[in-house]
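Structure file start-v5.pdb (PDB, C-alpha atoms) follows.
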ATOM      1  CA  MET U   1      -9.767  17.545   5.265
ATOM      2  CA  SER U   2     -10.382  13.832   4.998
ATOM      3  CA  ARG U   3      -8.111  11.012   6.044
ATOM      4  CA  ILE U   4      -6.914   8.630   3.341
ATOM      5  CA  VAL U   5      -5.944   5.180   4.580
ATOM      6  CA  ALA U   6      -4.411   2.407   2.463
ATOM      7  CA  ILE U   7      -5.234  -1.170   3.469
ATOM      8  CA  THR U   8      -2.187  -3.106   2.372
ATOM      9  CA  ASN U   9      -0.276  -6.352   2.709
ATOM     10  CA  GLN U  10       1.485  -8.008  -0.192
ATOM     11  CA  LYS U  11       0.569 -11.404   1.251
ATOM     12  CA  GLY U  12      -2.782 -12.607  -0.072
ATOM     13  CA  GLY U  13      -5.533 -14.194   1.983
ATOM     14  CA  VAL U  14      -5.042 -12.068   5.100
ATOM     15  CA  GLY U  15      -8.404 -10.303   5.053
ATOM     16  CA  LYS U  16      -7.203  -7.155   3.291
ATOM     17  CA  THR U  17     -10.239  -6.624   1.067
ATOM     18  CA  THR U  18     -12.618  -7.795   3.797
ATOM     19  CA  THR U  19     -11.106  -5.143   6.043
ATOM     20  CA  ALA U  20     -11.268  -2.396   3.411
ATOM     21  CA  VAL U  21     -14.938  -3.076   2.641
ATOM     22  CA  ASN U  22     -16.118  -3.484   6.210
ATOM     23  CA  LEU U  23     -14.065  -0.640   7.666
ATOM     24  CA  ALA U  24     -15.449   1.685   5.002
ATOM     25  CA  THR U  25     -18.961   0.444   5.787
ATOM     26  CA  THR U  26     -18.516   0.926   9.540
ATOM     27  CA  LEU U  27     -17.260   4.488   9.107
ATOM     28  CA  ALA U  28     -20.210   5.267   6.823
ATOM     29  CA  MET U  29     -22.608   3.821   9.393
ATOM     30  CA  ARG U  30     -21.105   6.207  11.933
ATOM     31  CA  GLY U  31     -22.400   9.056   9.775
ATOM     32  CA  LEU U  32     -19.154   9.849   7.964
ATOM     33  CA  HIS U  33     -19.003  10.393   4.197
ATOM     34  CA  VAL U  34     -16.710   7.619   2.931
ATOM     35  CA  LEU U  35     -15.152   6.724  -0.416
ATOM     36  CA  LEU U  36     -13.919   3.168  -1.047
ATOM     37  CA  VAL U  37     -11.380   2.911  -3.890
ATOM     38  CA  ASP U  38     -10.795  -0.543  -5.380
ATOM     39  CA  LEU U  39      -7.220  -0.722  -6.696
ATOM     40  CA  ASP U  40      -7.029  -4.521  -6.823
ATOM     41  CA  PRO U  41      -7.417  -5.912 -10.370
ATOM     42  CA  GLN U  42      -9.386  -8.824  -8.904
ATOM     43  CA  GLY U  43     -12.156  -6.341  -8.114
ATOM     44  CA  ASN U  44     -13.260  -8.130  -4.956
ATOM     45  CA  ALA U  45     -13.978  -4.952  -3.021
ATOM     46  CA  SER U  46     -16.275  -3.793  -5.815
ATOM     47  CA  SER U  47     -18.251  -7.030  -5.926
ATOM     48  CA  ALA U  48     -18.412  -7.121  -2.112
ATOM     49  CA  VAL U  49     -20.521  -3.959  -2.168
ATOM     50  CA  GLY U  50     -22.634  -5.067  -5.104
ATOM     51  CA  LEU U  51     -20.743  -4.074  -8.256
ATOM     52  CA  PRO U  52     -18.922  -6.972  -9.990
ATOM     53  CA  ARG U  53     -15.781  -6.007 -11.902
ATOM     54  CA  ALA U  54     -17.308  -7.043 -15.239
ATOM     55  CA  GLU U  55     -20.114  -4.510 -14.775
ATOM     56  CA  ALA U  56     -17.808  -1.567 -14.032
ATOM     57  CA  GLU U  57     -17.630   0.650 -17.122
ATOM     58  CA  GLY U  58     -15.246   3.129 -15.544
ATOM     59  CA  GLY U  59     -13.247   3.158 -12.352
ATOM     60  CA  SER U  60      -9.864   3.429 -10.718
ATOM     61  CA  PHE U  61      -7.991   2.605 -13.948
ATOM     62  CA  ASP U  62      -9.515   5.624 -15.704
ATOM     63  CA  LEU U  63      -8.719   7.778 -12.676
ATOM     64  CA  LEU U  64      -5.063   6.685 -12.654
ATOM     65  CA  LEU U  65      -4.620   7.271 -16.368
ATOM     66  CA  GLY U  66      -6.250  10.690 -16.210
ATOM     67  CA  GLU U  67      -9.073   9.593 -18.503
ATOM     68  CA  ALA U  68     -11.789  10.387 -15.951
ATOM     69  CA  LYS U  69     -12.358  12.625 -12.955
ATOM     70  CA  LEU U  70     -13.628  11.671  -9.531
ATOM     71  CA  ASP U  71     -17.223  12.630 -10.350
ATOM     72  CA  ASP U  72     -17.157  10.420 -13.453
ATOM     73  CA  VAL U  73     -16.318   7.176 -11.640
ATOM     74  CA  ALA U  74     -17.674   7.457  -8.068
ATOM     75  CA  ARG U  75     -20.746   5.245  -7.583
ATOM     76  CA  THR U  76     -23.313   5.111  -4.822
ATOM     77  CA  THR U  77     -23.767   1.844  -2.914
ATOM     78  CA  ASP U  78     -26.505   0.267  -0.804
ATOM     79  CA  VAL U  79     -24.714   1.612   2.276
ATOM     80  CA  PRO U  80     -25.793   5.189   3.033
ATOM     81  CA  ASN U  81     -22.817   7.610   3.010
ATOM     82  CA  LEU U  82     -20.571   5.081   1.207
ATOM     83  CA  GLU U  83     -19.439   5.616  -2.380
ATOM     84  CA  LEU U  84     -17.236   3.357  -4.490
ATOM     85  CA  ILE U  85     -14.681   3.803  -7.230
ATOM     86  CA  PRO U  86     -14.706   0.306  -8.722
ATOM     87  CA  ALA U  87     -12.002  -1.800 -10.310
ATOM     88  CA  SER U  88     -12.734  -2.494 -13.966
ATOM     89  CA  GLU U  89     -11.166  -5.261 -16.030
ATOM     90  CA  ALA U  90      -8.860  -2.638 -17.581
ATOM     91  CA  LEU U  91      -7.046  -2.374 -14.233
ATOM     92  CA  LEU U  92      -5.315  -5.670 -15.089
ATOM     93  CA  GLY U  93      -3.056  -3.709 -17.449
ATOM     94  CA  ALA U  94      -2.522  -0.690 -15.244
ATOM     95  CA  GLU U  95       1.001  -1.582 -14.087
ATOM     96  CA  VAL U  96       2.188  -1.745 -17.726
ATOM     97  CA  GLU U  97       0.277   1.391 -18.735
ATOM     98  CA  LEU U  98       1.736   3.407 -15.862
ATOM     99  CA  VAL U  99       5.389   2.520 -16.441
ATOM    100  CA  GLY U 100       5.911   5.168 -19.112
ATOM    101  CA  VAL U 101       3.638   7.814 -17.610
ATOM    102  CA  MET U 102       5.113  11.046 -16.247
ATOM    103  CA  GLY U 103       4.851  11.220 -12.458
ATOM    104  CA  ARG U 104       3.553   7.660 -12.384
ATOM    105  CA  GLU U 105       3.826   7.267  -8.589
ATOM    106  CA  ARG U 106       1.663  10.348  -7.959
ATOM    107  CA  ARG U 107      -1.219   9.744 -10.357
ATOM    108  CA  LEU U 108      -3.632   8.623  -7.647
ATOM    109  CA  GLU U 109      -2.590  11.381  -5.266
ATOM    110  CA  ALA U 110      -3.463  14.017  -7.854
ATOM    111  CA  ALA U 111      -6.705  12.316  -8.850
ATOM    112  CA  LEU U 112      -7.906  12.076  -5.250
ATOM    113  CA  GLU U 113      -7.159  15.690  -4.331
ATOM    114  CA  PRO U 114     -10.843  16.711  -4.763
ATOM    115  CA  ALA U 115     -11.829  13.844  -2.451
ATOM    116  CA  ARG U 116     -10.164  15.561   0.491
ATOM    117  CA  GLU U 117     -12.850  18.240   0.474
ATOM    118  CA  ARG U 118     -15.738  15.899  -0.277
ATOM    119  CA  TYR U 119     -15.223  12.884   1.989
ATOM    120  CA  ASP U 120     -14.380  12.363   5.648
ATOM    121  CA  TRP U 121     -12.485   9.127   4.941
ATOM    122  CA  VAL U 122     -11.088   7.520   1.803
ATOM    123  CA  VAL U 123     -10.278   3.807   2.081
ATOM    124  CA  LEU U 124      -7.908   2.336  -0.522
ATOM    125  CA  ASP U 125      -7.999  -1.414  -1.142
ATOM    126  CA  CYS U 126      -4.540  -2.274  -2.494
ATOM    127  CA  PRO U 127      -3.562  -5.313  -4.564
ATOM    128  CA  PRO U 128      -1.564  -8.095  -2.844
ATOM    129  CA  SER U 129       1.774  -6.852  -4.209
ATOM    130  CA  LEU U 130       4.196  -3.956  -3.807
ATOM    131  CA  GLY U 131       3.967  -2.779  -7.416
ATOM    132  CA  LEU U 132       3.025   0.584  -8.918
ATOM    133  CA  LEU U 133      -0.624   0.389  -7.884
ATOM    134  CA  THR U 134       0.329  -0.057  -4.241
ATOM    135  CA  VAL U 135       3.030   2.630  -4.449
ATOM    136  CA  ASN U 136       0.394   5.006  -5.859
ATOM    137  CA  ALA U 137      -1.860   4.195  -2.910
ATOM    138  CA  LEU U 138       0.921   4.748  -0.370
ATOM    139  CA  THR U 139       1.872   8.038  -2.004
ATOM    140  CA  ALA U 140      -1.732   9.247  -1.873
ATOM    141  CA  ALA U 141      -2.456   8.033   1.665
ATOM    142  CA  ASP U 142      -2.066   9.652   5.073
ATOM    143  CA  GLY U 143      -1.630   6.277   6.749
ATOM    144  CA  ILE U 144      -1.514   2.540   6.204
ATOM    145  CA  LEU U 145      -3.462  -0.165   8.001
ATOM    146  CA  ILE U 146      -1.842  -3.598   7.825
ATOM    147  CA  PRO U 147      -4.045  -6.690   8.194
ATOM    148  CA  LEU U 148      -1.947  -9.557   9.558
ATOM    149  CA  GLN U 149      -3.231 -13.105   9.707
ATOM    150  CA  ALA U 150      -2.668 -14.887  13.001
ATOM    151  CA  GLU U 151      -0.695 -17.786  11.527
ATOM    152  CA  TYR U 152       2.793 -19.255  11.658
ATOM    153  CA  PHE U 153       4.251 -17.141   8.838
ATOM    154  CA  ALA U 154       2.486 -13.949   9.945
ATOM    155  CA  MET U 155       5.684 -11.910  10.188
ATOM    156  CA  GLU U 156       6.970 -13.132   6.832
ATOM    157  CA  GLY U 157       6.589 -10.340   4.301
ATOM    158  CA  LEU U 158       5.881  -7.720   6.949
ATOM    159  CA  VAL U 159       9.546  -6.680   6.875
ATOM    160  CA  SER U 160       9.359  -6.088   3.102
ATOM    161  CA  LEU U 161       6.200  -4.047   3.500
ATOM    162  CA  LEU U 162       7.745  -1.885   6.213
ATOM    163  CA  GLU U 163      10.828  -1.320   4.048
ATOM    164  CA  THR U 164       8.535  -0.141   1.256
ATOM    165  CA  TRP U 165       6.781   2.141   3.757
ATOM    166  CA  LYS U 166      10.163   3.651   4.737
ATOM    167  CA  SER U 167      11.121   4.189   1.089
ATOM    168  CA  VAL U 168       7.811   5.862   0.249
ATOM    169  CA  ARG U 169       8.146   8.119   3.298
ATOM    170  CA  ARG U 170      11.672   9.067   2.320
ATOM    171  CA  TRP U 171      11.181   9.706  -1.374
ATOM    172  CA  LEU U 172       7.477  10.287  -2.051
ATOM    173  CA  ASN U 173       5.261  10.882   0.972
ATOM    174  CA  PRO U 174       6.850  11.980   4.265
ATOM    175  CA  ARG U 175       3.428  12.262   5.977
ATOM    176  CA  LEU U 176       2.658   8.523   5.560
ATOM    177  CA  ALA U 177       1.926   7.153   9.029
ATOM    178  CA  ARG U 178       1.399   3.621  10.272
ATOM    179  CA  ASP U 179      -2.191   3.616  11.504
ATOM    180  CA  GLY U 180      -1.908   0.164  12.988
ATOM    181  CA  ILE U 181      -1.515  -3.565  12.568
ATOM    182  CA  LEU U 182      -4.772  -5.512  12.605
ATOM    183  CA  LEU U 183      -4.778  -9.192  13.545
ATOM    184  CA  THR U 184      -7.226 -11.047  11.303
ATOM    185  CA  LEU U 185      -8.631 -14.559  10.976
ATOM    186  CA  PHE U 186      -8.033 -14.874  14.707
ATOM    187  CA  ASP U 187      -9.083 -18.033  16.520
ATOM    188  CA  GLY U 188      -8.364 -17.588  20.214
ATOM    189  CA  ARG U 189      -9.031 -21.281  20.861
ATOM    190  CA  THR U 190      -5.703 -22.231  19.278
ATOM    191  CA  ASN U 191      -2.296 -21.970  20.905
ATOM    192  CA  LEU U 192      -0.820 -20.819  17.582
ATOM    193  CA  ALA U 193      -3.085 -17.789  17.296
ATOM    194  CA  ARG U 194      -2.348 -16.721  20.866
ATOM    195  CA  GLU U 195       1.396 -17.196  20.325
ATOM    196  CA  VAL U 196       1.316 -15.108  17.132
ATOM    197  CA  GLU U 197      -0.629 -12.392  18.924
ATOM    198  CA  ALA U 198       1.911 -12.316  21.751
ATOM    199  CA  GLU U 199       4.821 -12.190  19.283
ATOM    200  CA  VAL U 200       3.323  -9.361  17.226
ATOM    201  CA  ARG U 201       2.388  -7.313  20.303
ATOM    202  CA  ALA U 202       5.861  -7.815  21.773
ATOM    203  CA  ALA U 203       7.447  -6.608  18.535
ATOM    204  CA  PHE U 204       5.130  -3.669  17.740
ATOM    205  CA  GLY U 205       3.515  -2.724  21.049
ATOM    206  CA  ALA U 206       0.689  -0.190  20.912
ATOM    207  CA  GLU U 207       0.859  -0.167  17.121
ATOM    208  CA  VAL U 208      -1.100  -3.437  17.190
ATOM    209  CA  LEU U 209      -4.796  -2.624  17.438
ATOM    210  CA  GLN U 210      -6.770  -3.995  20.361
ATOM    211  CA  THR U 211      -9.522  -5.080  17.980
ATOM    212  CA  MET U 212      -8.950  -8.480  16.385
ATOM    213  CA  ILE U 213     -11.044  -9.874  13.534
ATOM    214  CA  PRO U 214     -12.210 -13.439  14.224
ATOM    215  CA  ARG U 215     -12.442 -16.326  11.827
ATOM    216  CA  SER U 216     -16.052 -16.194  10.695
ATOM    217  CA  VAL U 217     -18.176 -18.164   8.273
ATOM    218  CA  LYS U 218     -20.455 -15.161   7.819
ATOM    219  CA  LEU U 219     -17.529 -12.908   6.886
ATOM    220  CA  GLY U 220     -16.591 -15.435   4.209
ATOM    221  CA  GLU U 221     -20.153 -15.656   2.881
ATOM    222  CA  ALA U 222     -20.979 -11.946   2.740
ATOM    223  CA  PRO U 223     -18.975 -11.012  -0.419
ATOM    224  CA  SER U 224     -20.740 -13.672  -2.495
ATOM    225  CA  HIS U 225     -23.991 -11.875  -1.699
ATOM    226  CA  GLY U 226     -22.546  -8.472  -2.651
ATOM    227  CA  ARG U 227     -23.086  -7.098   0.843
ATOM    228  CA  PRO U 228     -20.792  -5.938   3.649
ATOM    229  CA  ILE U 229     -21.049  -7.951   6.850
ATOM    230  CA  ALA U 230     -23.004  -5.167   8.592
ATOM    231  CA  LEU U 231     -25.832  -5.660   6.076
ATOM    232  CA  TYR U 232     -25.497  -9.408   5.561
ATOM    233  CA  ALA U 233     -25.182 -10.554   9.177
ATOM    234  CA  PRO U 234     -25.332  -7.480  11.430
ATOM    235  CA  HIS U 235     -25.364  -9.442  14.703
ATOM    236  CA  SER U 236     -22.452 -11.742  13.842
ATOM    237  CA  PRO U 237     -19.070 -11.649  15.634
ATOM    238  CA  GLY U 238     -17.448 -10.366  12.446
ATOM    239  CA  ALA U 239     -19.862  -7.441  12.186
ATOM    240  CA  ARG U 240     -19.254  -6.531  15.830
ATOM    241  CA  ALA U 241     -15.483  -6.733  15.347
ATOM    242  CA  TYR U 242     -15.506  -4.314  12.408
ATOM    243  CA  LEU U 243     -17.704  -1.875  14.345
ATOM    244  CA  GLU U 244     -15.108  -2.011  17.118
ATOM    245  CA  LEU U 245     -12.311  -1.489  14.585
ATOM    246  CA  GLY U 246     -13.959   1.636  13.188
ATOM    247  CA  ASP U 247     -14.487   3.046  16.659
ATOM    248  CA  GLU U 248     -10.899   2.286  17.671
ATOM    249  CA  LEU U 249      -9.451   3.991  14.595
ATOM    250  CA  LEU U 250     -11.693   7.026  15.073
ATOM    251  CA  ALA U 251     -10.611   7.260  18.717
ATOM    252  CA  ARG U 252      -6.961   7.056  17.683
ATOM    253  CA  GLN U 253      -7.459   9.761  15.090
ATOM    254  CA  GLN U 254      -9.141  12.038  17.627
ATOM    255  CA  ALA U 255      -6.384  11.399  20.173
ATOM    256  CA  GLY U 256      -3.753  12.221  17.558
ATOM    257  CA  ALA U 257      -5.531  15.431  16.575
ATOM    258  CA  ALA U 258      -5.809  16.454  20.241
ATOM    259  CA  ALA U 259      -2.107  15.795  20.786
ATOM    260  CA  VAL U 260      -1.193  17.967  17.781
ATOM    261  CA  ALA U 261      -3.522  20.746  18.968
ATOM    262  CA  SER U 262      -1.950  20.784  22.416
TER     263      SER U 262
END

Encoded form (structure tokens):
Amino acid sequence: MSRIVAITNQKGGVGKTTTAVNLATTLAMRGLHVLLVDLDPQGNASSAVGLPRAEAEGGSFDLLLGEAKLDDVARTTDVPNLELIPASEALLGAEVELVGVMGRERRLEAALEPARERYDWVVLDCPPSLGLLTVNALTAADGILIPLQAEYFAMEGLVSLLETWKSVRRWLNPRLARDGILLTLFDGRTNLAREVEAEVRAAFGAEVLQTMIPRSVKLGEAPSHGRPIALYAPHSPGARAYLELGDELLARQQAGAAAVAS
């Protein structure tokens, strides 16, 4: 059975899509069969692996509405072992379309059921909001990974997200775990970044991942070339950080599985 992880934070500009794309790439480079699902109407995850939203003829919208099956919308990418379900322009209207649909919070969960037998990991890139698309992702997922920018208002909005996590666990998905908090856009040369790191680690302890994603020009450039950082600038600090992130999450998963087995 695969692990489905939702990359989510309702605050924009925190490296959410960058993390979804590059985590998925890292896991695929480790030999795992990975599916990246773009649920953000902006379609940035799709374009970051070479498929602009305007070129997507079918994708996550069709999956959510039951108008296509997994095989119909999964696309190969330039990364071996990595497949993509893109965001099409139709996804802009998904929130409205889903409002009147029976079982609207569970549409993605049902659509991704075949993925559990086919992929080792499924990475969901959520929109920067706590609407129906994100609730669908949280209901389908086994865990959430929260990118958190190392800035003054880092904790702002995190409380709302964690309240949503509690509600989804209570009413829709009791298995939903918190896979970790990932500090992003980190610049260790600044007092502010170090203070934010200390505050977040004091508040959340071991839940905060040891890996931190640095501020990086190359990470910012890579999406415009339609390539993950591991292909665009494989020796850059950003590429190394995402390799470390993948390894840390895999180690955590293995440790959790061992603890359950014992």

For this session: Just give me the gap between atom CA of Thr8 of chain U and atom CA of Ala203 of chain U in Å, one decimal is fine.
Result: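 Atom CA of Ala203 of chain U lies at a distance of 19.1 Å from atom CA of Thr8 of chain U.
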
Problem set entry | For Leu243 of chain U, the nearest of the candidates U:Ala255, U:Leu108, U:Met102, U:Met212, counting only C-alpha atoms | U:Met212

For this session: Return the single residue from U:Asn9, U:Ser60, U:Thr77, U:Asn44 that is closest to Thr134 of chain U, with distances computed using all atoms listed in the file.
Result: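 Result for the nearest residue to Thr134 of chain U: U:Asn9.
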
Exercise. Do you know which residues the PyMOL selection byres ((chain U and resi 142-150) around 9) returns on this file, as JSON, numbers by chain?
Worked result: {"U": [3, 4, 5, 6, 7, 8, 9, 11, 13, 14, 15, 16, 19, 138, 139, 140, 141, 151, 152, 153, 154, 155, 158, 165, 173, 175, 176, 177, 178, 179, 180, 181, 182, 183, 184, 185, 186, 187, 192, 193, 194, 195, 196, 197]}

Exercise. How far is it from atom CA of Leu84 of chain U to atom CA of Leu36 of chain U, in Å with one decimal?
Worked result: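 Atom CA of Leu84 of chain U sits 4.8 Å away from atom CA of Leu36 of chain U.
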
For this session: Just say which residues the PyMOL selection byres ((chain U and resi 71) around 12) picks in this file, as a VMD selection string.
Result: chain U and resid 35 58 to 60 62 to 63 67 to 70 72 to 76 83 to 85 111 to 112 114 to 115 118

Can you spit out the residues from that selection as a PDB file, in the coordinates of the input, using C-alpha atoms?
ATOM      1  CA  LEU U  35     -15.152   6.724  -0.416  1.00  0.00           C
ATOM      2  CA  GLY U  58     -15.246   3.129 -15.544  1.00  0.00           C
ATOM      3  CA  GLY U  59     -13.247   3.158 -12.352  1.00  0.00           C
ATOM      4  CA  SER U  60      -9.864   3.429 -10.718  1.00  0.00           C
ATOM      5  CA  ASP U  62      -9.515   5.624 -15.704  1.00  0.00           C
ATOM      6  CA  LEU U  63      -8.719   7.778 -12.676  1.00  0.00           C
ATOM      7  CA  GLU U  67      -9.073   9.593 -18.503  1.00  0.00           C
ATOM      8  CA  ALA U  68     -11.789  10.387 -15.951  1.00  0.00           C
ATOM      9  CA  LYS U  69     -12.358  12.625 -12.955  1.00  0.00           C
ATOM     10  CA  LEU U  70     -13.628  11.671  -9.531  1.00  0.00           C
ATOM     11  CA  ASP U  72     -17.157  10.420 -13.453  1.00  0.00           C
ATOM     12  CA  VAL U  73     -16.318   7.176 -11.640  1.00  0.00           C
ATOM     13  CA  ALA U  74     -17.674   7.457  -8.068  1.00  0.00           C
ATOM     14  CA  ARG U  75     -20.746   5.245  -7.583  1.00  0.00           C
ATOM     15  CA  THR U  76     -23.313   5.111  -4.822  1.00  0.00           C
ATOM     16  CA  GLU U  83     -19.439   5.616  -2.380  1.00  0.00           C
ATOM     17  CA  LEU U  84     -17.236   3.357  -4.490  1.00  0.00           C
ATOM     18  CA  ILE U  85     -14.681   3.803  -7.230  1.00  0.00           C
ATOM     19  CA  ALA U 111      -6.705  12.316  -8.850  1.00  0.00           C
ATOM     20  CA  LEU U 112      -7.906  12.076  -5.250  1.00  0.00           C
ATOM     21  CA  PRO U 114     -10.843  16.711  -4.763  1.00  0.00           C
ATOM     22  CA  ALA U 115     -11.829  13.844  -2.451  1.00  0.00           C
ATOM     23  CA  ARG U 118     -15.738  15.899  -0.277  1.00  0.00           C
TER      24      ARG U 118
END

Exercise. Could you write out as an MDAnalysis selection string the residues that the PyMOL selection byres ((chain U and resi 234-238) around 12) matches in the shown file?
Worked result: chainID U and resid 15 18:19 22:23 25:26 29 184:187 211:222 227:233 239:245

Problem set entry | Between atom CA of Glu95 of chain U and atom CA of Tyr119 of chain U, distance in Å (one decimal) | 27.0 Å

Exercise. For Leu51 of chain U, which residue among U:Ser88, U:Glu105, U:Val122, U:Gly12 is the nearest when counting only C-alpha atoms?
Worked result: U:Ser88

Exercise. So which one's closest to Gly93 of chain U, U:Ser46, U:Pro127, U:Arg106, U:Pro41? Using all atoms listed in the file, please.
Worked result: U:Pro41

For this session: May I ask which of the residues U:Val168, U:Arg107, U:Ala202, U:Gln10 is the closest one to Glu156 of chain U, counting all atoms listed in the file?
Result: U:Gln10
